[in-house]
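Novice: Compact mmCIF, C-alpha atoms (C1' of nucleotides), file work.txt:
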```
# COMPACT_ATOMS: atom_id res chain seq x y z
CA MET A 172 -18.00 -12.93 -8.00
CA LYS A 173 -16.39 -10.91 -5.26
CA PHE A 174 -14.38 -12.17 -2.28
CA THR A 175 -13.73 -9.82 0.62
CA LEU A 176 -11.50 -10.80 3.52
CA GLN A 177 -13.00 -9.41 6.73
CA HIS A 178 -11.08 -10.81 9.68
CA LYS A 179 -7.95 -12.86 10.24
CA ASP A 180 -7.31 -14.89 13.35
CA PRO A 181 -4.05 -13.73 14.97
CA LEU A 182 -3.05 -17.19 16.22
CA SER A 183 -3.87 -19.30 13.16
CA LYS A 184 -4.59 -19.13 9.45
CA ALA A 185 -8.34 -18.91 10.09
CA ARG A 186 -10.19 -16.09 8.40
CA ALA A 187 -13.70 -14.72 8.02
CA ALA A 188 -14.79 -13.40 4.66
CA GLU A 189 -17.68 -12.68 2.36
CA ILE A 190 -18.36 -14.04 -1.11
CA VAL A 191 -20.84 -12.14 -3.23
CA THR A 192 -22.54 -14.07 -6.01
CA ASP A 193 -25.39 -13.07 -8.30
CA HIS A 194 -27.67 -15.25 -6.17
CA GLY A 195 -26.64 -13.82 -2.83
CA VAL A 196 -23.94 -13.42 -0.23
CA ILE A 197 -22.01 -16.25 1.43
CA HIS A 198 -20.35 -15.64 4.79
CA THR A 199 -17.29 -17.78 5.35
CA PRO A 200 -16.16 -20.09 6.75
CA ILE A 201 -19.12 -21.93 5.30
CA PHE A 202 -20.43 -25.46 5.06
CA MET A 203 -22.31 -26.35 1.87
CA PRO A 204 -24.86 -29.15 2.21
CA VAL A 205 -24.84 -31.67 -0.63
CA GLY A 206 -27.97 -31.97 -2.75
CA THR A 207 -26.76 -34.38 -5.37
CA ALA A 208 -29.77 -34.44 -7.66
CA ALA A 209 -30.66 -30.79 -7.02
CA ALA A 210 -32.44 -31.88 -3.86
CA MET A 211 -31.46 -32.22 -0.25
CA LYS A 212 -32.63 -35.77 0.39
CA GLY A 213 -35.74 -35.56 2.51
CA ILE A 214 -35.65 -31.84 3.26
CA PHE A 215 -37.62 -29.00 1.70
CA HIS A 216 -35.48 -26.18 0.33
CA ARG A 217 -37.55 -23.95 2.59
CA ASP A 218 -36.17 -25.77 5.64
CA VAL A 219 -32.65 -25.96 4.23
CA LYS A 220 -32.76 -22.19 4.05
CA GLU A 221 -34.96 -21.10 6.95
CA GLU A 222 -34.23 -23.79 9.54
CA ALA A 223 -30.71 -24.97 8.69
CA LYS A 224 -29.62 -21.50 7.51
CA ALA A 225 -27.72 -22.90 4.54
CA GLN A 226 -26.25 -20.17 2.34
CA ILE A 227 -25.12 -22.26 -0.61
CA ILE A 228 -25.82 -25.86 -1.64
CA LEU A 229 -24.19 -28.36 -3.97
CA ALA A 230 -25.56 -30.28 -6.90
CA ASN A 231 -23.79 -32.88 -8.97
CA THR A 232 -22.98 -32.73 -12.67
CA TYR A 233 -22.72 -36.49 -13.09
CA HIS A 234 -26.13 -37.16 -11.58
CA LEU A 235 -27.95 -34.27 -13.27
CA TYR A 236 -26.39 -35.16 -16.62
CA LEU A 237 -27.85 -38.69 -16.37
CA ARG A 238 -31.15 -37.55 -14.87
CA PRO A 239 -33.05 -35.49 -15.87
CA GLY A 240 -30.52 -34.72 -18.62
CA MET A 241 -29.34 -31.46 -20.10
CA ASP A 242 -32.29 -30.91 -22.43
CA ILE A 243 -34.63 -30.73 -19.44
CA LEU A 244 -32.33 -28.45 -17.47
CA GLU A 245 -31.99 -26.12 -20.44
CA LYS A 246 -35.77 -26.02 -20.92
CA ALA A 247 -36.20 -25.45 -17.18
CA GLY A 248 -33.96 -22.40 -17.39
CA GLY A 249 -31.19 -23.81 -15.22
CA VAL A 250 -30.95 -25.52 -11.89
CA HIS A 251 -32.04 -22.55 -9.76
CA ARG A 252 -35.41 -22.18 -11.48
CA PHE A 253 -35.81 -25.94 -11.87
CA SER A 254 -35.25 -26.73 -8.20
CA THR A 255 -36.62 -23.46 -6.75
CA TRP A 256 -33.40 -22.91 -4.77
CA GLU A 257 -32.78 -19.23 -5.38
CA GLY A 258 -29.57 -18.94 -3.35
CA PRO A 259 -26.02 -19.63 -4.50
CA MET A 260 -25.21 -23.08 -5.85
CA LEU A 261 -22.09 -25.04 -6.70
CA THR A 262 -21.79 -28.00 -9.03
CA ASP A 263 -19.24 -30.72 -8.58
CA SER A 264 -17.84 -31.73 -11.95
CA GLY A 265 -18.62 -35.41 -11.69
CA GLY A 266 -14.96 -36.29 -11.57
CA PHE A 267 -15.35 -37.87 -8.18
CA GLN A 268 -18.43 -39.89 -9.21
CA VAL A 269 -16.81 -41.16 -12.37
CA PHE A 270 -13.85 -42.36 -10.34
CA SER A 271 -15.81 -43.70 -7.40
CA LEU A 272 -17.52 -46.04 -9.88
CA ALA A 273 -14.14 -47.39 -10.94
CA ASP A 274 -15.47 -50.72 -12.18
CA CYS A 275 -17.25 -49.09 -15.07
CA ARG A 276 -14.86 -46.47 -16.35
CA LYS A 277 -12.03 -46.14 -18.81
CA LEU A 278 -9.59 -43.28 -18.65
CA THR A 279 -7.98 -41.75 -21.75
CA GLU A 280 -6.22 -38.52 -22.60
CA GLU A 281 -9.46 -37.31 -24.15
CA GLY A 282 -11.54 -37.87 -21.05
CA CYS A 283 -13.36 -40.59 -19.20
CA HIS A 284 -15.56 -43.26 -20.73
CA PHE A 285 -18.00 -44.69 -18.24
CA ARG A 286 -21.24 -46.58 -17.94
CA SER A 287 -24.30 -45.13 -16.29
CA HIS A 288 -25.04 -46.69 -12.93
CA ILE A 289 -28.72 -46.33 -13.81
CA ASP A 290 -29.09 -48.15 -17.12
CA GLY A 291 -25.57 -49.19 -18.12
CA SER A 292 -25.50 -46.87 -21.13
CA LYS A 293 -22.10 -45.65 -22.33
CA HIS A 294 -21.01 -42.02 -21.95
CA LEU A 295 -17.91 -39.88 -22.33
CA PHE A 296 -16.97 -36.96 -20.10
CA THR A 297 -14.27 -34.63 -21.37
CA PRO A 298 -13.09 -31.37 -19.78
CA GLU A 299 -14.94 -29.52 -22.55
CA SER A 300 -18.18 -31.50 -22.25
CA VAL A 301 -18.22 -31.12 -18.48
CA ILE A 302 -17.86 -27.32 -18.74
CA ASP A 303 -20.67 -27.27 -21.29
CA THR A 304 -22.79 -29.36 -18.95
CA GLU A 305 -22.05 -27.11 -15.99
CA ARG A 306 -22.97 -24.07 -18.10
CA THR A 307 -26.32 -25.71 -18.82
CA ILE A 308 -26.89 -26.54 -15.17
CA GLY A 309 -26.03 -22.95 -14.34
CA ALA A 310 -24.53 -23.08 -10.84
CA ASP A 311 -22.77 -19.98 -9.50
CA ILE A 312 -19.59 -21.96 -8.95
CA MET A 313 -18.49 -24.69 -11.35
CA MET A 314 -15.76 -27.19 -10.56
CA ALA A 315 -13.08 -28.33 -12.99
CA PHE A 316 -13.07 -31.91 -14.26
CA ASP A 317 -10.27 -33.80 -12.55
CA GLU A 318 -9.12 -37.26 -11.66
CA CYS A 319 -9.45 -38.14 -8.00
CA PRO A 320 -6.95 -40.93 -7.25
CA PRO A 321 -7.26 -43.13 -4.15
CA GLY A 322 -5.59 -42.08 -0.89
CA ASP A 323 -2.97 -44.81 -1.07
CA ALA A 324 -1.94 -44.17 -4.69
CA PRO A 325 1.75 -44.90 -5.31
CA ARG A 326 3.94 -42.01 -6.34
CA ASP A 327 4.25 -42.85 -10.03
CA TYR A 328 0.50 -43.16 -10.39
CA ALA A 329 -0.05 -39.96 -8.41
CA THR A 330 2.38 -38.11 -10.66
CA LYS A 331 0.78 -39.28 -13.90
CA SER A 332 -2.69 -38.61 -12.52
CA LEU A 333 -1.74 -35.08 -11.53
CA GLN A 334 -0.24 -34.39 -14.97
CA LEU A 335 -3.46 -35.54 -16.61
CA THR A 336 -5.55 -33.44 -14.22
CA GLU A 337 -3.40 -30.41 -15.09
CA ARG A 338 -3.82 -30.93 -18.84
CA TRP A 339 -7.54 -31.34 -18.31
CA LEU A 340 -7.59 -28.17 -16.19
CA ASP A 341 -6.10 -26.20 -19.07
CA ARG A 342 -8.80 -27.52 -21.37
CA CYS A 343 -11.48 -26.69 -18.78
CA PHE A 344 -10.37 -23.06 -18.63
CA ASN A 345 -10.09 -22.80 -22.41
CA ARG A 346 -13.67 -23.94 -22.77
CA TYR A 347 -14.74 -21.76 -19.86
CA HIS A 348 -13.39 -18.65 -21.60
CA GLN A 349 -14.91 -19.68 -24.93
CA THR A 350 -18.41 -19.97 -23.48
CA GLU A 351 -20.90 -17.68 -21.83
CA PRO A 352 -23.37 -18.18 -19.00
CA LYS A 353 -26.81 -19.19 -20.31
CA TYR A 354 -29.07 -17.64 -17.73
CA GLY A 355 -27.71 -14.13 -17.21
CA HIS A 356 -25.76 -14.66 -13.99
CA TYR A 357 -22.02 -15.04 -13.51
CA GLN A 358 -20.45 -18.47 -13.16
CA ALA A 359 -17.05 -18.95 -11.54
CA LEU A 360 -14.79 -21.90 -12.31
CA PHE A 361 -12.65 -23.30 -9.49
CA PRO A 362 -9.59 -25.43 -10.31
CA ILE A 363 -8.87 -28.40 -8.06
CA VAL A 364 -5.47 -29.04 -6.50
CA GLN A 365 -4.59 -32.75 -6.51
CA GLY A 366 -1.31 -34.53 -5.70
CA CYS A 367 -2.35 -37.29 -3.29
CA THR A 368 -0.26 -37.36 -0.12
CA TYR A 369 3.02 -36.13 -1.65
CA PRO A 370 3.88 -32.63 -0.38
CA ASP A 371 5.98 -31.74 -3.44
CA LEU A 372 3.23 -32.84 -5.83
CA ARG A 373 0.69 -30.85 -3.84
CA ALA A 374 2.94 -27.80 -3.91
CA HIS A 375 3.47 -28.17 -7.64
CA ALA A 376 -0.28 -28.52 -8.19
CA ALA A 377 -1.01 -25.43 -6.11
CA GLU A 378 1.58 -23.37 -8.04
CA ASN A 379 0.21 -24.60 -11.35
CA VAL A 380 -3.29 -23.49 -10.54
CA LEU A 381 -2.32 -19.86 -9.97
CA GLN A 382 -1.89 -19.13 -13.69
CA TYR A 383 -5.66 -19.23 -14.24
CA LYS A 384 -6.34 -16.36 -11.81
CA ALA A 385 -9.51 -18.15 -10.79
CA ASP A 386 -12.22 -16.77 -8.50
CA GLY A 387 -11.43 -19.49 -5.99
CA HIS A 388 -9.44 -22.69 -5.52
CA ALA A 389 -10.31 -26.16 -4.34
CA ILE A 390 -8.30 -28.84 -2.59
CA GLY A 391 -9.41 -32.25 -3.76
CA GLY A 392 -8.38 -35.84 -3.32
CA LEU A 393 -8.32 -35.72 0.46
CA ALA A 394 -10.31 -37.73 3.00
CA VAL A 395 -10.08 -40.65 0.61
CA GLY A 396 -8.42 -43.11 2.95
CA GLU A 397 -5.24 -41.33 4.09
CA PRO A 398 -4.62 -40.68 7.82
CA THR A 399 -6.22 -37.50 9.11
CA GLU A 400 -2.88 -35.99 10.11
CA VAL A 401 -1.65 -36.42 6.54
CA MET A 402 -4.74 -34.60 5.29
CA TYR A 403 -3.99 -31.67 7.62
CA GLU A 404 -0.39 -31.59 6.44
CA MET A 405 -1.50 -31.45 2.79
CA ILE A 406 -3.89 -28.59 3.56
CA GLU A 407 -1.03 -26.66 5.15
CA VAL A 408 1.25 -27.24 2.16
CA VAL A 409 -1.38 -26.12 -0.33
CA ASN A 410 -2.76 -23.17 1.60
CA ALA A 411 0.73 -21.73 2.00
CA ILE A 412 0.70 -21.29 -1.79
CA LEU A 413 -2.92 -20.51 -2.68
CA PRO A 414 -3.62 -16.75 -2.69
CA GLU A 415 -5.10 -15.20 0.42
CA ASP A 416 -7.49 -12.99 -1.49
CA LYS A 417 -9.48 -15.88 -3.00
CA PRO A 418 -11.70 -18.48 -1.31
CA ARG A 419 -10.30 -21.92 -0.58
CA TYR A 420 -12.56 -24.92 -0.78
CA LEU A 421 -11.71 -28.28 0.81
CA MET A 422 -13.77 -30.82 -1.09
CA GLY A 423 -15.70 -33.58 0.60
CA VAL A 424 -14.65 -32.83 4.18
CA GLY A 425 -15.75 -33.83 6.69
CA THR A 426 -16.38 -34.48 10.38
CA PRO A 427 -17.06 -31.46 12.62
CA SER A 428 -13.49 -31.74 13.92
CA ASN A 429 -12.08 -31.97 10.39
CA ILE A 430 -13.90 -28.76 9.52
CA LEU A 431 -12.58 -26.80 12.50
CA GLU A 432 -9.06 -28.05 11.81
CA GLY A 433 -9.50 -27.02 8.18
CA ILE A 434 -10.70 -23.56 9.16
CA GLU A 435 -7.69 -23.19 11.44
CA ARG A 436 -5.49 -23.93 8.41
CA GLY A 437 -7.14 -21.30 6.23
CA VAL A 438 -9.96 -23.15 4.47
CA ASP A 439 -13.13 -21.16 3.77
CA MET A 440 -15.54 -23.63 2.21
CA PHE A 441 -16.49 -27.24 2.93
CA ASP A 442 -18.99 -29.77 1.68
CA CYS A 443 -19.71 -33.28 2.84
CA VAL A 444 -22.39 -35.91 2.65
CA MET A 445 -21.76 -36.84 6.26
CA PRO A 446 -24.53 -34.83 7.95
CA THR A 447 -27.17 -36.08 5.53
CA ARG A 448 -26.02 -39.62 4.76
CA ASN A 449 -25.07 -40.42 8.34
CA GLY A 450 -28.24 -38.72 9.49
CA ARG A 451 -30.22 -41.16 7.40
CA ASN A 452 -28.38 -43.89 9.28
CA GLY A 453 -29.18 -42.45 12.68
CA GLN A 454 -26.01 -40.54 13.53
CA LEU A 455 -26.61 -37.11 15.09
CA PHE A 456 -23.94 -34.45 15.54
CA THR A 457 -24.00 -32.25 18.64
CA TRP A 458 -21.62 -29.93 20.49
CA GLU A 459 -21.19 -32.66 23.10
CA GLY A 460 -20.32 -35.37 20.58
CA THR A 461 -22.09 -37.73 18.21
CA ILE A 462 -25.18 -39.75 19.06
CA ASN A 463 -26.14 -43.01 17.37
CA ILE A 464 -29.88 -42.68 17.87
CA ARG A 465 -30.38 -46.32 16.82
CA ASN A 466 -28.78 -47.44 20.06
CA LYS A 467 -31.15 -49.08 22.51
CA LYS A 468 -30.08 -46.70 25.27
CA TRP A 469 -32.15 -43.91 23.70
CA GLU A 470 -35.43 -45.84 23.55
CA ASP A 471 -36.81 -44.21 26.70
CA ASP A 472 -34.90 -40.91 26.66
CA PHE A 473 -37.63 -38.33 26.23
CA SER A 474 -35.31 -35.32 26.29
CA PRO A 475 -35.18 -33.12 23.15
CA ILE A 476 -32.95 -34.22 20.28
CA ASP A 477 -30.74 -31.17 20.84
CA PRO A 478 -31.80 -28.71 23.55
CA SER A 479 -29.41 -26.06 22.19
CA GLY A 480 -30.50 -26.59 18.58
CA THR A 481 -32.13 -23.89 16.50
CA ALA A 482 -33.96 -25.99 13.93
CA PHE A 483 -37.56 -26.70 14.89
CA VAL A 484 -36.96 -30.46 14.97
CA ASP A 485 -34.24 -30.08 17.62
CA THR A 486 -36.57 -29.16 20.46
CA LEU A 487 -39.89 -30.43 19.09
CA TYR A 488 -39.03 -34.13 19.01
CA SER A 489 -37.56 -36.39 21.70
CA LYS A 490 -34.65 -38.79 21.28
CA ALA A 491 -36.99 -41.67 22.15
CA TYR A 492 -39.36 -40.72 19.33
CA LEU A 493 -36.54 -40.37 16.82
CA HIS A 494 -35.14 -43.72 18.00
CA HIS A 495 -38.55 -45.23 17.35
CA LEU A 496 -38.77 -43.68 13.87
CA VAL A 497 -35.29 -44.91 12.93
CA THR A 498 -36.11 -48.39 14.19
CA CYS A 499 -39.25 -48.43 12.05
CA GLN A 500 -37.33 -46.98 9.09
CA GLU A 501 -39.86 -44.21 8.80
CA MET A 502 -38.99 -41.55 6.21
CA LEU A 503 -39.56 -38.96 8.90
CA ALA A 504 -36.52 -40.27 10.78
CA ALA A 505 -34.24 -39.45 7.86
CA GLN A 506 -35.87 -36.04 7.49
CA ILE A 507 -35.52 -35.09 11.15
CA ALA A 508 -31.95 -36.35 11.50
CA SER A 509 -30.81 -34.76 8.23
CA LEU A 510 -32.30 -31.39 9.07
CA HIS A 511 -30.83 -31.48 12.55
CA ASN A 512 -27.39 -32.39 11.19
CA ILE A 513 -27.15 -29.77 8.46
CA ALA A 514 -28.49 -27.17 10.90
CA PHE A 515 -25.75 -28.24 13.31
CA TYR A 516 -23.04 -28.05 10.64
CA LEU A 517 -24.16 -24.53 9.78
CA ARG A 518 -24.15 -23.55 13.45
CA LEU A 519 -20.66 -25.02 13.70
CA VAL A 520 -19.20 -22.85 10.94
CA THR A 521 -21.20 -19.83 12.05
CA ALA A 522 -19.74 -20.17 15.55
CA ALA A 523 -16.27 -20.51 14.06
CA ARG A 524 -16.83 -17.30 12.11
CA GLN A 525 -18.02 -15.46 15.20
CA HIS A 526 -14.96 -16.56 17.16
CA ILE A 527 -12.65 -15.52 14.32
CA ILE A 528 -14.28 -12.10 14.36
CA ALA A 529 -14.08 -11.97 18.18
CA GLY A 530 -10.41 -12.93 18.00
CA ASP A 531 -10.52 -16.06 20.17
CA PHE A 532 -10.91 -18.74 17.52
CA LYS A 533 -7.88 -20.84 18.43
CA ALA A 534 -8.73 -21.28 22.11
CA TRP A 535 -12.38 -21.95 21.32
CA LYS A 536 -11.53 -24.48 18.63
CA ASP A 537 -9.19 -26.49 20.84
CA VAL A 538 -11.94 -26.98 23.42
CA ALA A 539 -14.66 -27.62 20.86
CA VAL A 540 -12.73 -30.29 18.95
CA THR A 541 -12.26 -32.57 21.95
CA LYS A 542 -15.96 -32.49 22.75
CA LEU A 543 -17.09 -32.93 19.16
CA ALA A 544 -15.07 -36.13 18.81
CA LYS A 545 -16.87 -37.83 21.69
CA ARG A 546 -19.49 -40.53 21.30
CA LEU A 547 -22.55 -40.27 23.47
C1' G B 81 -61.14 -91.85 14.98
C1' U B 82 -57.69 -93.42 10.68
C1' G B 83 -53.71 -92.19 7.44
C1' G B 84 -49.92 -88.75 5.94
C1' A B 85 -46.83 -84.72 6.77
C1' U B 86 -44.34 -81.19 10.30
C1' G B 87 -41.16 -79.58 14.48
C1' U B 88 -33.38 -77.08 14.00
C1' A B 89 -31.30 -69.34 16.27
C1' G B 90 -36.59 -64.16 17.78
C1' C B 91 -38.56 -65.25 12.41
C1' U B 92 -38.04 -68.07 7.45
C1' C B 93 -35.32 -72.24 6.41
C1' A B 94 -30.50 -75.49 4.94
C1' G B 95 -28.19 -79.68 7.12
C1' U B 96 -25.30 -85.34 1.91
C1' U B 97 -25.13 -92.84 2.88
C1' G B 98 -25.17 -91.60 10.89
C1' G B 99 -18.87 -88.93 11.65
C1' U B 100 -14.70 -82.87 14.16
C1' U B 101 -16.93 -77.10 17.34
C1' A B 102 -25.03 -77.72 13.81
C1' G B 103 -25.09 -73.34 9.21
C1' A B 104 -27.48 -69.35 5.98
C1' G B 105 -30.83 -65.34 5.24
C1' U B 106 -33.49 -61.97 8.06
C1' G B 107 -34.24 -59.46 12.68
C1' A B 108 -32.26 -57.72 17.29
C1' C B 109 -27.37 -55.71 19.35
C1' G B 110 -22.81 -52.77 18.41
C1' G B 111 -19.28 -50.33 14.95
C1' A B 112 -18.03 -47.93 10.23
C1' U B 113 -19.49 -44.32 6.40
C1' U B 114 -15.84 -37.68 4.27
C1' G B 115 -16.56 -33.73 -4.08
C1' U B 116 -24.42 -39.09 -1.74
C1' G B 117 -27.12 -45.04 -5.86
C1' G B 118 -32.42 -43.41 0.65
C1' U B 119 -26.35 -47.10 0.09
C1' U B 120 -22.95 -50.46 1.50
C1' C B 121 -19.58 -52.80 4.69
C1' C B 122 -17.76 -54.91 9.38
C1' G B 123 -18.20 -57.25 14.24
C1' A B 124 -20.12 -59.92 18.06
C1' A B 125 -24.39 -62.23 20.28
C1' G B 126 -28.04 -65.74 19.70
C1' G B 127 -29.18 -73.56 19.82
C1' U B 128 -31.62 -78.70 25.69
C1' C B 129 -32.05 -79.78 16.98
C1' G B 130 -40.40 -80.36 20.30
C1' U B 131 -40.10 -84.00 24.66
C1' G B 132 -38.78 -88.90 26.76
C1' G B 133 -36.64 -93.53 25.89
C1' G B 134 -33.74 -96.87 22.57
C1' U B 135 -29.95 -98.70 18.71
C1' U B 136 -24.68 -97.31 17.89
C1' C B 137 -17.81 -96.24 19.34
C1' G B 138 -20.73 -91.96 17.63
C1' A B 139 -27.73 -89.53 16.49
C1' G B 140 -30.21 -83.13 14.17
C1' A B 141 -30.45 -87.68 10.93
C1' C B 142 -32.22 -94.46 12.43
C1' C B 143 -36.20 -97.13 15.88
C1' C B 144 -40.34 -96.68 19.75
C1' A B 145 -43.54 -93.62 22.55
C1' U B 146 -45.57 -88.91 23.35
C1' C B 147 -46.83 -83.78 22.36
C1' U B 148 -47.40 -79.51 18.60
C1' U B 149 -49.11 -77.72 14.00
C1' C B 150 -51.10 -78.73 9.20
C1' C B 151 -53.52 -81.76 5.34
C1' A B 152 -56.65 -85.73 3.64
C1' C B 153 -60.29 -89.36 4.61
C1' C B 154 -64.22 -91.36 7.80
```
Could you show the structure in this file as structure tokens?
Specialist:
Amino acid sequence: MKFTLQHKDPLSKARAAEIVTDHGVIHTPIFMPVGTAAAMKGIFHRDVKEEAKAQIILANTYHLYLRPGMDILEKAGGVHRFSTWEGPMLTDSGGFQVFSLADCRKLTEEGCHFRSHIDGSKHLFTPESVIDTERTIGADIMMAFDECPPGDAPRDYATKSLQLTERWLDRCFNRYHQTEPKYGHYQALFPIVQGCTYPDLRAHAAENVLQYKADGHAIGGLAVGEPTEVMYEMIEVVNAILPEDKPRYLMGVGTPSNILEGIERGVDMFDCVMPTRNGRNGQLFTWEGTINIRNKKWEDDFSPIDPSGTAFVDTLYSKAYLHHLVTCQEMLAAQIASLHNIAFYLRLVTAARQHIIAGDFKAWKDVAVTKLAKRL
RNA sequence: GUGGAUGUAGCUCAGUUGGUUAGAGUGACGGAUUGUGGUUCCGAAGGUCGUGGGUUCGAGACCCAUCUUCCACC
């Protein structure tokens, strides 16, 4: 995997770069749509690629491990061949899922015991087993197995959690170096910087991660309940330490404004369920602000969903029709809204990249953020 | 025609021996959702208790009449 820095914004930490993987090139800053079970809910991969212009998508280790299971993925020849997505992919380690299902987990030094949310069966994830699983899935970028503590974690818990995450990280990299890719393409492993909302813990975590000379670094454990300003502060602390010549990935973030603020602070990669999950619930993102298409006010608005949109759904369908589909809970509503939203998120980061290259990112961002936060 | 049931929020229904401001689910309305269980949560709105009399300090509840819908029997 090769990371090439192309442009740096003179007035901020924003940068434009290129990541080359064995499945293709990623231009950063980039947003990565989340396809948990190796599928973008309701959207054909063809449209994810051709209409939304996604360059890399996520899948989830926890979910693929439970269904269809690793025997099937191995027989399928990995997640790319199985799902027919031929572009770059990234797998989350399942750390977040294990911890977001807190009522059915038990944490030990060895790893995490948990019960399947599907059938209640018992399982154990360890740093080693997760790396093995991610090798079998075969994504271009694998994530380390970590603990993701809540946003309001007290300091003593945050400290212990970080120490465990760091011991697990060491075991992840040991296993990573002991194993080989199964399908003939390179797989990177990104460590995840934790530390909750404590600047010194974050700084320590960022320093600790450097020893692995990884292909890229992730910032995790943010947007989990802490104030937005605190999240930005943590990004600044961490990015001051993470190397400039490697991609930085802010996990699970966020709103369009969050993403632009992250880019300004030197983040290159983002993922979030917001465009797809909120789309299924009728929230549309636009340059002018967000639209709740369920609202009665749209029932007789026959203007296009997004006149400036580039996905075919944006100008083909009216707001009134989408309002009707959402009201009727038609599957098509979720499909249209999801495709619109991920297309918008990709246009958002593409615009950011163009403005970084043009040299006017900061001024553009300040104007864009105020509009994006509006509700229409 | 006779007998029996029924009527409470848009819809489906609770509502104790008569006792504070008549509740729930669902829908409709609005908000939330940040490394996805096609999810979940929150808020506010919504009532002439079929109608009219009566008994009572007090009636959604008891009595009378009447109307609605349903069932059974002639």
Novice: Pick the closest to chain A from B:U113, B:U86, B:U100, B:U149: which is it, counting only C-alpha atoms (C1' of nucleotides)?
Specialist: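 That would be B:U113, the residue with the smallest distance to chain A.
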Novice: Looking at all atoms listed in the file, which of B:C137, B:C142, B:A125, B:A112 is the one that sits closest to chain A?
Specialist: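 Once distances to chain A are computed over all atoms listed in the file, the minimum belongs to B:A112.
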Novice: Compute the set of chain A residues within 10 Å of chain B, using all atoms listed in the file, and express it as number ranges by chain.
Specialist: A: 205-208, 211-213, 229, 231, 234, 262-268, 288-289, 314, 319, 389-396, 421-426, 429, 441-449, 451-452, 466-467, 502, 505
Novice: Between CA of Asp485 in chain A and CA of Gly258 in chain A, measure the distance and give it in Å to one decimal.
Specialist: 24.2 Å
Novice: If we count only C-alpha atoms (C1' of nucleotides), what is near Ile462 in chain A at a cut-off of 9 Å, once residues fewer than 5 positions away on the same chain are taken out, given as an MDAnalysis selection string?
Specialist: chainID A and resid 453:457 545:547
Novice: What is the distance, in Å and to one decimal place, between CA of Arg306 in chain A and CA of His198 in chain A?
Specialist: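 CA of Arg306 in chain A sits 24.5 Å away from CA of His198 in chain A.
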Novice: What gap, in Å, lies between CA of Arg436 in chain A and CA of Arg186 in chain A?
Specialist: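 Straight-line distance from CA of Arg436 in chain A to CA of Arg186 in chain A works out to 9.1 Å.
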Novice: Find the residues around Ala225 in chain A up to 8 Å (only C-alpha atoms (C1' of nucleotides) counted), leave out those fewer than 3 positions away in its own chain, and share them as a PyMOL selection string.
Specialist: chain A and resi 202-204+219-221+228+513-514+517
Novice: Residues around (-35.5, -60.3, 13.1), cut-off 12 Å, counting only C-alpha atoms (C1' of nucleotides) - what are they as a list in words?
Specialist: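 Those residues lying close to the given coordinates are Thr498 of chain A; A89, G90, C91, U92, G105, U106, G107, A108, C109 and G126 of chain B.
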